[in-house]
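Next up, entry05.cif (mmCIF, C-alpha atoms):
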```cif
data_entry
#
loop_
_atom_site.label_atom_id
_atom_site.label_comp_id
_atom_site.auth_asym_id
_atom_site.auth_seq_id
_atom_site.Cartn_x
_atom_site.Cartn_y
_atom_site.Cartn_z
CA MET A 893 0.00 0.00 0.00
CA VAL A 894 1.46 3.30 -1.07
CA PRO A 895 1.13 5.89 1.70
CA LEU A 896 -0.94 8.97 0.99
CA SER A 897 1.96 11.29 1.71
CA TRP A 898 3.89 9.95 -1.29
CA TYR A 899 1.09 11.07 -3.58
CA VAL A 900 1.00 14.48 -1.93
CA ALA A 901 4.78 14.79 -2.34
CA LEU A 902 4.60 13.76 -6.00
CA SER A 903 1.83 16.27 -6.56
CA ALA A 904 3.92 19.01 -4.93
CA PHE A 905 6.91 18.15 -7.13
CA LEU A 906 4.79 18.22 -10.29
CA PHE A 907 3.19 21.51 -9.28
CA ILE A 908 6.53 23.17 -8.57
CA THR A 909 7.86 21.91 -11.90
CA GLY A 910 4.96 23.54 -13.69
CA LEU A 911 5.28 26.73 -11.67
CA VAL A 912 8.99 27.08 -12.41
CA GLY A 913 8.25 26.40 -16.06
CA VAL A 914 5.67 29.18 -16.17
CA LEU A 915 8.15 31.53 -14.53
CA ILE A 916 11.30 30.85 -16.57
CA ARG A 917 10.08 29.89 -20.05
CA ARG A 918 9.54 32.65 -22.58
CA ASN A 919 7.77 30.62 -25.28
CA ILE A 920 4.07 31.32 -24.80
CA VAL A 921 2.95 27.85 -25.96
CA VAL A 922 5.27 26.16 -23.48
CA VAL A 923 3.89 28.38 -20.71
CA LEU A 924 0.41 27.02 -21.47
CA LEU A 925 1.82 23.47 -21.40
CA CYS A 926 3.26 24.16 -17.95
CA ILE A 927 -0.16 25.31 -16.75
CA GLU A 928 -1.44 21.89 -17.81
CA ILE A 929 1.25 20.29 -15.63
CA MET A 930 0.00 22.25 -12.63
CA LEU A 931 -3.61 21.24 -13.29
CA ASN A 932 -2.56 17.59 -13.50
CA ALA A 933 -0.67 17.85 -10.22
CA VAL A 934 -3.85 19.06 -8.55
CA ASN A 935 -5.77 16.18 -10.14
CA VAL A 936 -3.36 13.63 -8.67
CA ASN A 937 -3.95 15.14 -5.24
CA PHE A 938 -7.73 15.02 -5.65
CA VAL A 939 -7.78 11.38 -6.74
CA ALA A 940 -5.33 10.31 -4.02
CA PHE A 941 -7.49 11.82 -1.28
CA SER A 942 -10.62 10.40 -2.91
CA ASP A 943 -9.06 6.95 -2.73
CA TYR A 944 -7.94 7.40 0.87
CA LEU A 945 -11.26 8.71 2.17
CA HIS A 946 -13.38 6.38 -0.02
CA LEU A 947 -15.37 9.38 -1.19
CA ILE A 948 -16.22 9.83 -4.83
CA ASP A 949 -16.39 13.65 -4.65
CA GLY A 950 -12.70 14.11 -5.39
CA GLN A 951 -13.09 12.33 -8.69
CA ILE A 952 -16.08 14.54 -9.58
CA PHE A 953 -13.90 17.58 -8.96
CA VAL A 954 -11.22 16.16 -11.24
CA PHE A 955 -13.93 15.93 -13.86
CA PHE A 956 -14.64 19.64 -13.51
CA VAL A 957 -10.93 20.48 -13.53
CA ILE A 958 -10.59 18.64 -16.83
CA THR A 959 -13.56 20.61 -18.21
CA VAL A 960 -12.00 23.90 -17.18
CA ALA A 961 -8.64 22.82 -18.62
CA ALA A 962 -10.27 22.09 -21.98
CA ALA A 963 -11.98 25.49 -22.00
CA GLU A 964 -8.74 27.20 -20.97
CA VAL A 965 -6.79 25.51 -23.76
CA ALA A 966 -9.34 26.51 -26.39
CA ILE A 967 -9.38 30.14 -25.25
CA GLY A 968 -5.62 30.31 -24.67
CA LEU A 969 -4.73 28.92 -28.07
CA GLY A 970 -7.21 31.32 -29.69
CA ILE A 971 -5.47 34.21 -27.93
CA ILE A 972 -2.06 32.88 -29.00
CA ILE A 973 -3.14 32.65 -32.64
CA SER A 974 -4.51 36.17 -32.73
CA LEU A 975 -1.41 37.50 -30.90
CA PHE A 976 0.81 35.72 -33.41
CA ARG A 977 -1.08 37.41 -36.23
CA LEU A 978 -0.41 40.74 -34.56
CA LYS A 979 3.30 40.40 -33.73
CA GLU A 980 4.68 37.35 -35.60
CA SER A 981 6.31 36.14 -32.41
CA VAL A 982 5.75 33.63 -29.63
CA ASN A 983 8.11 35.28 -27.17
CA MET A 984 6.27 36.52 -24.09
CA ASP A 985 8.50 39.58 -23.79
CA ASP A 986 7.22 40.92 -27.10
CA TYR A 987 3.70 41.26 -25.79
CA ASN A 988 3.82 44.45 -23.79
CA LEU A 989 0.86 46.27 -25.29
CA LEU A 990 -0.86 46.72 -21.95
CA LYS A 991 2.28 47.84 -20.15
CA LEU A 992 2.30 51.38 -18.81
CA MET B 909 8.32 -2.82 -2.12
CA MET B 910 6.53 -4.81 -4.83
CA GLN B 911 3.29 -2.99 -4.09
CA GLN B 912 4.96 0.37 -4.41
CA LEU B 913 6.70 -0.44 -7.67
CA PRO B 914 3.84 0.76 -9.97
CA PHE B 915 3.62 4.03 -8.06
CA ILE B 916 7.37 4.57 -8.32
CA TYR B 917 7.33 3.85 -12.05
CA PHE B 918 4.31 5.98 -12.96
CA GLY B 919 5.13 8.80 -10.56
CA GLY B 920 8.79 8.90 -11.51
CA MET B 921 8.06 8.86 -15.22
CA ALA B 922 5.42 11.60 -14.81
CA LEU B 923 7.99 13.71 -12.97
CA VAL B 924 10.69 13.09 -15.59
CA CYS B 925 8.28 13.97 -18.40
CA ALA B 926 7.22 17.15 -16.60
CA LEU B 927 10.88 18.14 -16.27
CA LEU B 928 11.38 17.43 -19.98
CA VAL B 929 8.46 19.73 -20.81
CA VAL B 930 10.19 22.55 -18.96
CA ILE B 931 13.74 22.03 -20.19
CA SER B 932 13.38 21.04 -23.85
CA ARG B 933 14.01 23.86 -26.24
CA VAL B 934 11.75 22.86 -29.13
CA ALA B 935 8.04 23.33 -28.50
CA ILE B 936 7.12 20.07 -30.25
CA TYR B 937 9.36 18.10 -27.89
CA SER B 938 7.70 19.82 -24.95
CA ALA B 939 4.28 18.79 -26.24
CA MET B 940 5.43 15.20 -26.73
CA ALA B 941 6.88 15.06 -23.21
CA LEU B 942 3.55 16.38 -21.96
CA LEU B 943 1.85 13.45 -23.73
CA GLY B 944 4.09 11.10 -21.73
CA MET B 945 3.13 12.89 -18.53
CA PHE B 946 -0.58 12.56 -19.26
CA VAL B 947 -0.26 8.83 -19.94
CA HIS B 948 1.65 8.19 -16.73
CA VAL B 949 -0.77 10.26 -14.66
CA ALA B 950 -3.53 8.09 -16.14
CA GLY B 951 -1.57 5.09 -14.85
CA LEU B 952 -1.53 6.69 -11.40
CA PHE B 953 -5.32 7.06 -11.61
CA ILE B 954 -5.63 3.34 -12.32
CA ILE B 955 -3.51 2.54 -9.25
CA LEU B 956 -5.76 4.83 -7.24
CA ASP B 957 -8.93 2.90 -8.17
CA ALA B 958 -10.25 5.51 -10.60
CA PRO B 959 -10.35 3.71 -13.96
CA PHE B 960 -13.05 5.98 -15.39
CA LEU B 961 -10.92 9.07 -14.77
CA ALA B 962 -7.95 7.33 -16.34
CA GLY B 963 -10.00 6.84 -19.48
CA VAL B 964 -11.20 10.43 -19.43
CA GLN B 965 -7.64 11.62 -18.90
CA LEU B 966 -6.44 9.70 -21.95
CA LEU B 967 -9.39 10.75 -24.11
CA VAL B 968 -9.57 14.42 -23.21
CA TYR B 969 -5.97 15.33 -22.36
CA ALA B 970 -3.95 13.05 -24.62
CA GLY B 971 -6.59 12.85 -27.30
CA ALA B 972 -8.04 16.33 -27.59
CA ILE B 973 -5.98 18.93 -25.73
CA LEU B 974 -2.60 17.69 -26.88
CA VAL B 975 -3.69 17.44 -30.51
CA LEU B 976 -4.88 21.05 -30.25
CA TYR B 977 -1.44 22.07 -28.95
CA LEU B 978 0.32 20.19 -31.73
CA PHE B 979 -1.93 21.86 -34.31
CA VAL B 980 -1.06 25.31 -33.00
CA VAL B 981 2.67 24.59 -32.70
CA MET B 982 2.78 23.36 -36.28
CA LEU B 983 0.52 26.17 -37.51
CA LEU B 984 2.68 28.89 -35.98
CA ASN B 985 5.86 27.41 -37.48
CA VAL B 986 7.93 28.48 -34.54
CA HIS B 987 11.66 28.24 -34.85
CA SER B 988 12.95 30.01 -31.79
CA ARG B 989 15.79 27.73 -30.88
CA GLY B 990 17.51 30.10 -28.50
CA THR B 991 18.85 29.04 -25.17
CA MET B 992 16.31 28.37 -22.48
CA LEU B 993 17.48 31.05 -20.12
CA GLN B 994 17.56 33.97 -22.51
CA ARG B 995 17.03 37.35 -20.93
CA GLN B 996 15.41 36.27 -17.71
CA THR B 997 14.01 38.94 -15.52
CA PRO B 998 15.51 38.70 -12.04
CA TRP B 999 12.03 38.33 -10.60
CA ALA B 1000 11.53 35.05 -12.46
CA ILE B 1001 14.76 33.63 -11.02
CA ILE B 1002 13.98 34.84 -7.51
CA LEU B 1003 10.43 33.46 -7.52
CA SER B 1004 11.57 30.12 -8.99
CA LEU B 1005 14.28 29.74 -6.35
CA LEU B 1006 11.75 30.66 -3.68
CA ALA B 1007 9.32 27.99 -4.89
CA VAL B 1008 12.02 25.32 -5.11
CA GLY B 1009 13.33 26.29 -1.67
CA GLU B 1010 9.86 26.03 -0.22
CA LEU B 1011 9.45 22.57 -1.73
CA GLY B 1012 12.82 21.46 -0.38
CA TYR B 1013 11.93 22.75 3.08
CA LEU B 1014 8.62 20.87 3.01
CA VAL B 1015 10.28 17.63 1.89
CA LEU B 1016 13.07 17.88 4.46
CA THR B 1017 10.88 18.72 7.45
CA SER B 1018 7.97 16.32 6.87
CA HIS B 1019 8.11 12.66 7.74
CA PHE B 1020 6.67 10.39 5.12
CA TYR B 1021 5.09 7.64 7.19
CA PRO B 1022 2.53 9.35 9.41
CA LYS B 1023 0.16 7.05 11.25
CA LEU B 1024 -2.94 7.91 9.31
CA PRO B 1025 -6.09 6.23 10.58
CA ALA B 1026 -7.49 3.82 8.04
CA ILE B 1027 -10.88 4.92 6.83
CA PRO B 1028 -13.25 1.95 6.76
CA HIS B 1029 -14.99 1.13 3.54
CA PRO B 1030 -18.67 2.02 3.42
CA THR B 1031 -20.76 -0.98 4.35
CA VAL B 1032 -23.43 -0.52 1.71
CA PRO B 1033 -22.66 -2.44 -1.47
CA THR B 1034 -21.21 0.17 -3.80
CA LEU B 1035 -21.69 0.35 -7.51
CA GLY B 1036 -18.79 0.35 -9.91
CA ASN B 1037 -16.60 3.39 -10.38
CA THR B 1038 -18.34 4.74 -13.48
CA GLU B 1039 -21.82 4.13 -12.12
CA THR B 1040 -21.00 5.89 -8.86
CA ILE B 1041 -19.55 8.90 -10.65
CA GLY B 1042 -22.61 9.14 -12.88
CA MET B 1043 -24.98 8.81 -9.95
CA VAL B 1044 -23.28 11.51 -7.87
CA LEU B 1045 -22.64 13.80 -10.85
CA TYR B 1046 -26.26 13.90 -11.95
CA THR B 1047 -27.81 14.22 -8.50
CA GLN B 1048 -25.58 15.96 -5.98
CA TYR B 1049 -23.45 17.92 -8.45
CA LEU B 1050 -26.13 18.73 -11.00
CA PHE B 1051 -25.75 22.50 -10.75
CA PRO B 1052 -21.93 22.52 -11.20
CA PHE B 1053 -22.49 20.19 -14.13
CA GLU B 1054 -24.78 22.75 -15.77
CA VAL B 1055 -22.30 25.53 -15.01
CA ALA B 1056 -19.57 23.46 -16.68
CA SER B 1057 -21.71 23.23 -19.80
CA VAL B 1058 -22.05 27.02 -19.86
CA VAL B 1059 -18.28 27.37 -19.40
CA LEU B 1060 -17.67 25.07 -22.35
CA LEU B 1061 -20.18 26.98 -24.49
CA ILE B 1062 -18.50 30.30 -23.72
CA ALA B 1063 -15.08 28.80 -24.47
CA LEU B 1064 -16.38 27.47 -27.79
CA VAL B 1065 -17.79 30.84 -28.87
CA GLY B 1066 -14.77 32.74 -27.58
CA ALA B 1067 -12.26 30.50 -29.35
CA ILE B 1068 -14.13 30.86 -32.64
CA VAL B 1069 -14.38 34.63 -32.32
CA MET B 1070 -10.74 35.08 -31.39
CA ALA B 1071 -9.19 32.70 -33.89
CA ARG B 1072 -11.34 34.02 -36.73
CA GLY B 1073 -9.55 37.33 -36.87
CA ARG B 1074 -10.62 40.76 -38.00
CA SER B 1075 -10.94 39.94 -41.68
CA GLY B 1076 -13.79 37.47 -41.28
CA VAL B 1077 -16.06 39.71 -39.23
CA ARG B 1078 -17.96 41.50 -41.97
CA GLN B 1079 -18.41 38.59 -44.29
CA GLY B 1080 -21.32 37.07 -42.34
#
```
Turn this file's structure into structure tokens for me.
Amino acid sequence: MVPLSWYVALSAFLFITGLVGVLIRRNIVVVLLCIEIMLNAVNVNFVAFSDYLHLIDGQIFVFFVITVAAAEVAIGLGIIISLFRLKESVNMDDYNLLKL
Amino acid sequence: MMQQLPFIYFGGMALVCALLVVISRVAIYSAMALLGMFVHVAGLFIILDAPFLAGVQLLVYAGAILVLYLFVVMLLNVHSRGTMLQRQTPWAIILSLLAVGELGYLVLTSHFYPKLPAIPHPTVPTLGNTETIGMVLYTQYLFPFEVASVVLLIALVGAIVMARGRSGVRQG
């Protein structure tokens, strides 16, 4: 039996990996990929606790997280495509239109 | 040890794939490493007695979301092969080091075998995994389910409007 704390630790490692990726990568597509890593880390946590507590609610929440992730990807990639039309670049530092 | 072997394999591979997503320089390689991470997280779901979610993970993440990413990466024809750490703002470095330090502190100070009380299984005969999820989703979580449908509808309309561009607006 794998202890619950191992799953929590794995989830923390995955989340930090995604967070560091969001912070240090400049390619805007890779930043969206790293957000997916963070969402998956949260899903692992939800399912691990759902298994430990024998409650199904955690799995329902994972369902909603997947829904939100799909919506976020559709919107995010739409934004990326229209930004690429505007600037011909995928570097985050080029998008400073809203900067003061 | 034999019981923990699947967890070590799936968890370790998910972690390695996540690291590859962050450190590979070509966006296509990042997307492919993310595919590996999705598959191994689905394996973790199977270990955790959630086979329905494993299927959903493979269908939605590996099947739909990743294909969308690959489409966009190929459509944009990106060839920015610069080094990974080009022109970092100092804030990014500081915040990353802070996050990693926090993780290291948590790992070093926590003990990994706490005496958690075992939760007894419910005595009523339970349905299968998929049946239980369907039952709870359509009764107790009916309102969030409807909200999720609205979220998906808005995302659909928004993605079409944004990806269509300015040229297509007046043709309708």
Legend entry - Nearby residues (only C-alpha atoms) at most 12 Å from range 1034-1045 of chain B, same-chain spacing under 6 positions excluded, as a list in words: Ser942, Asp943, His946, Leu947, Ile948, Asp949, Gly950, Gln951, Ile952, Phe953, Val954, Phe955 and Phe956 of chain A; Phe953, Ile954, Leu956, Asp957, Ala958, Pro959, Phe960, Leu961, Ala962, Gly963, Val964, Phe1051, Pro1052, Phe1053, Glu1054 and Ala1056 of chain B
Inset, instruction - Pick out the closest residue to chain B from this set: A:Ile927, A:Met984, A:Val912, A:Leu990. Count all atoms listed in the file. - result: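 With all atoms listed in the file as the atom set, the closest residue is A:Val912.
One finds CA of Val930 in chain B at 5.2 Å from CA of Gly913 in chain A.
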Inset, instruction - Take CA of Lys979 in chain A and CA of Tyr937 in chain B and report the distance between them in Å, one decimal. - result: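 Between these atoms lies a distance of 23.8 Å.
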Legend entry - Å distance separating CA of Ala950 in chain B from CA of Val936 in chain A, one decimal place: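 According to the coordinates, CA of Ala950 in chain B and CA of Val936 in chain A are separated by 9.3 Å.
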Inset, instruction - Might you pull out every residue within 12 Å of Ile916 in chain A, with all atoms listed in the file counted and same-chain residues fewer than 2 positions away left off, and present them as number ranges by chain? - result: A: 909-914, 918-920, 922-923, 926, 983-985; B: 930-931, 991-1005
Kindly complete range 897-913 of chain A to N, CA and C atoms; the output should be written as a CSV table (one decimal), in the coordinates of the input.
```
chain,number,residue,atom,x,y,z
A,897,SER,N,1.0,10.2,1.8
A,897,SER,CA,2.0,11.3,1.7
A,897,SER,C,2.8,11.2,0.5
A,898,TRP,N,3.1,10.0,-0.1
A,898,TRP,CA,3.9,10.0,-1.3
A,898,TRP,C,3.2,10.6,-2.4
A,899,TYR,N,1.8,10.4,-2.5
A,899,TYR,CA,1.1,11.1,-3.6
A,899,TYR,C,1.1,12.6,-3.4
A,900,VAL,N,1.0,13.0,-2.2
A,900,VAL,CA,1.0,14.5,-1.9
A,900,VAL,C,2.4,15.1,-2.3
A,901,ALA,N,3.4,14.3,-2.0
A,901,ALA,CA,4.8,14.8,-2.3
A,901,ALA,C,5.0,14.8,-3.8
A,902,LEU,N,4.5,13.8,-4.5
A,902,LEU,CA,4.6,13.8,-6.0
A,902,LEU,C,3.8,14.9,-6.6
A,903,SER,N,2.6,15.2,-6.1
A,903,SER,CA,1.8,16.3,-6.6
A,903,SER,C,2.5,17.6,-6.4
A,904,ALA,N,3.2,17.8,-5.2
A,904,ALA,CA,3.9,19.0,-4.9
A,904,ALA,C,5.1,19.2,-5.9
A,905,PHE,N,5.8,18.1,-6.2
A,905,PHE,CA,6.9,18.2,-7.1
A,905,PHE,C,6.4,18.5,-8.5
A,906,LEU,N,5.3,17.9,-9.0
A,906,LEU,CA,4.8,18.2,-10.3
A,906,LEU,C,4.3,19.7,-10.4
A,907,PHE,N,3.7,20.1,-9.3
A,907,PHE,CA,3.2,21.5,-9.3
A,907,PHE,C,4.3,22.5,-9.4
A,908,ILE,N,5.4,22.2,-8.6
A,908,ILE,CA,6.5,23.2,-8.6
A,908,ILE,C,7.2,23.2,-9.9
A,909,THR,N,7.3,22.0,-10.5
A,909,THR,CA,7.9,21.9,-11.9
A,909,THR,C,7.1,22.8,-12.9
A,910,GLY,N,5.8,22.7,-12.8
A,910,GLY,CA,5.0,23.5,-13.7
A,910,GLY,C,5.1,25.0,-13.4
A,911,LEU,N,5.2,25.3,-12.1
A,911,LEU,CA,5.3,26.7,-11.7
A,911,LEU,C,6.6,27.3,-12.1
A,912,VAL,N,7.7,26.6,-12.0
A,912,VAL,CA,9.0,27.1,-12.4
A,912,VAL,C,9.0,27.2,-13.9
A,913,GLY,N,8.3,26.3,-14.6
A,913,GLY,CA,8.2,26.4,-16.1
A,913,GLY,C,7.5,27.7,-16.5
```
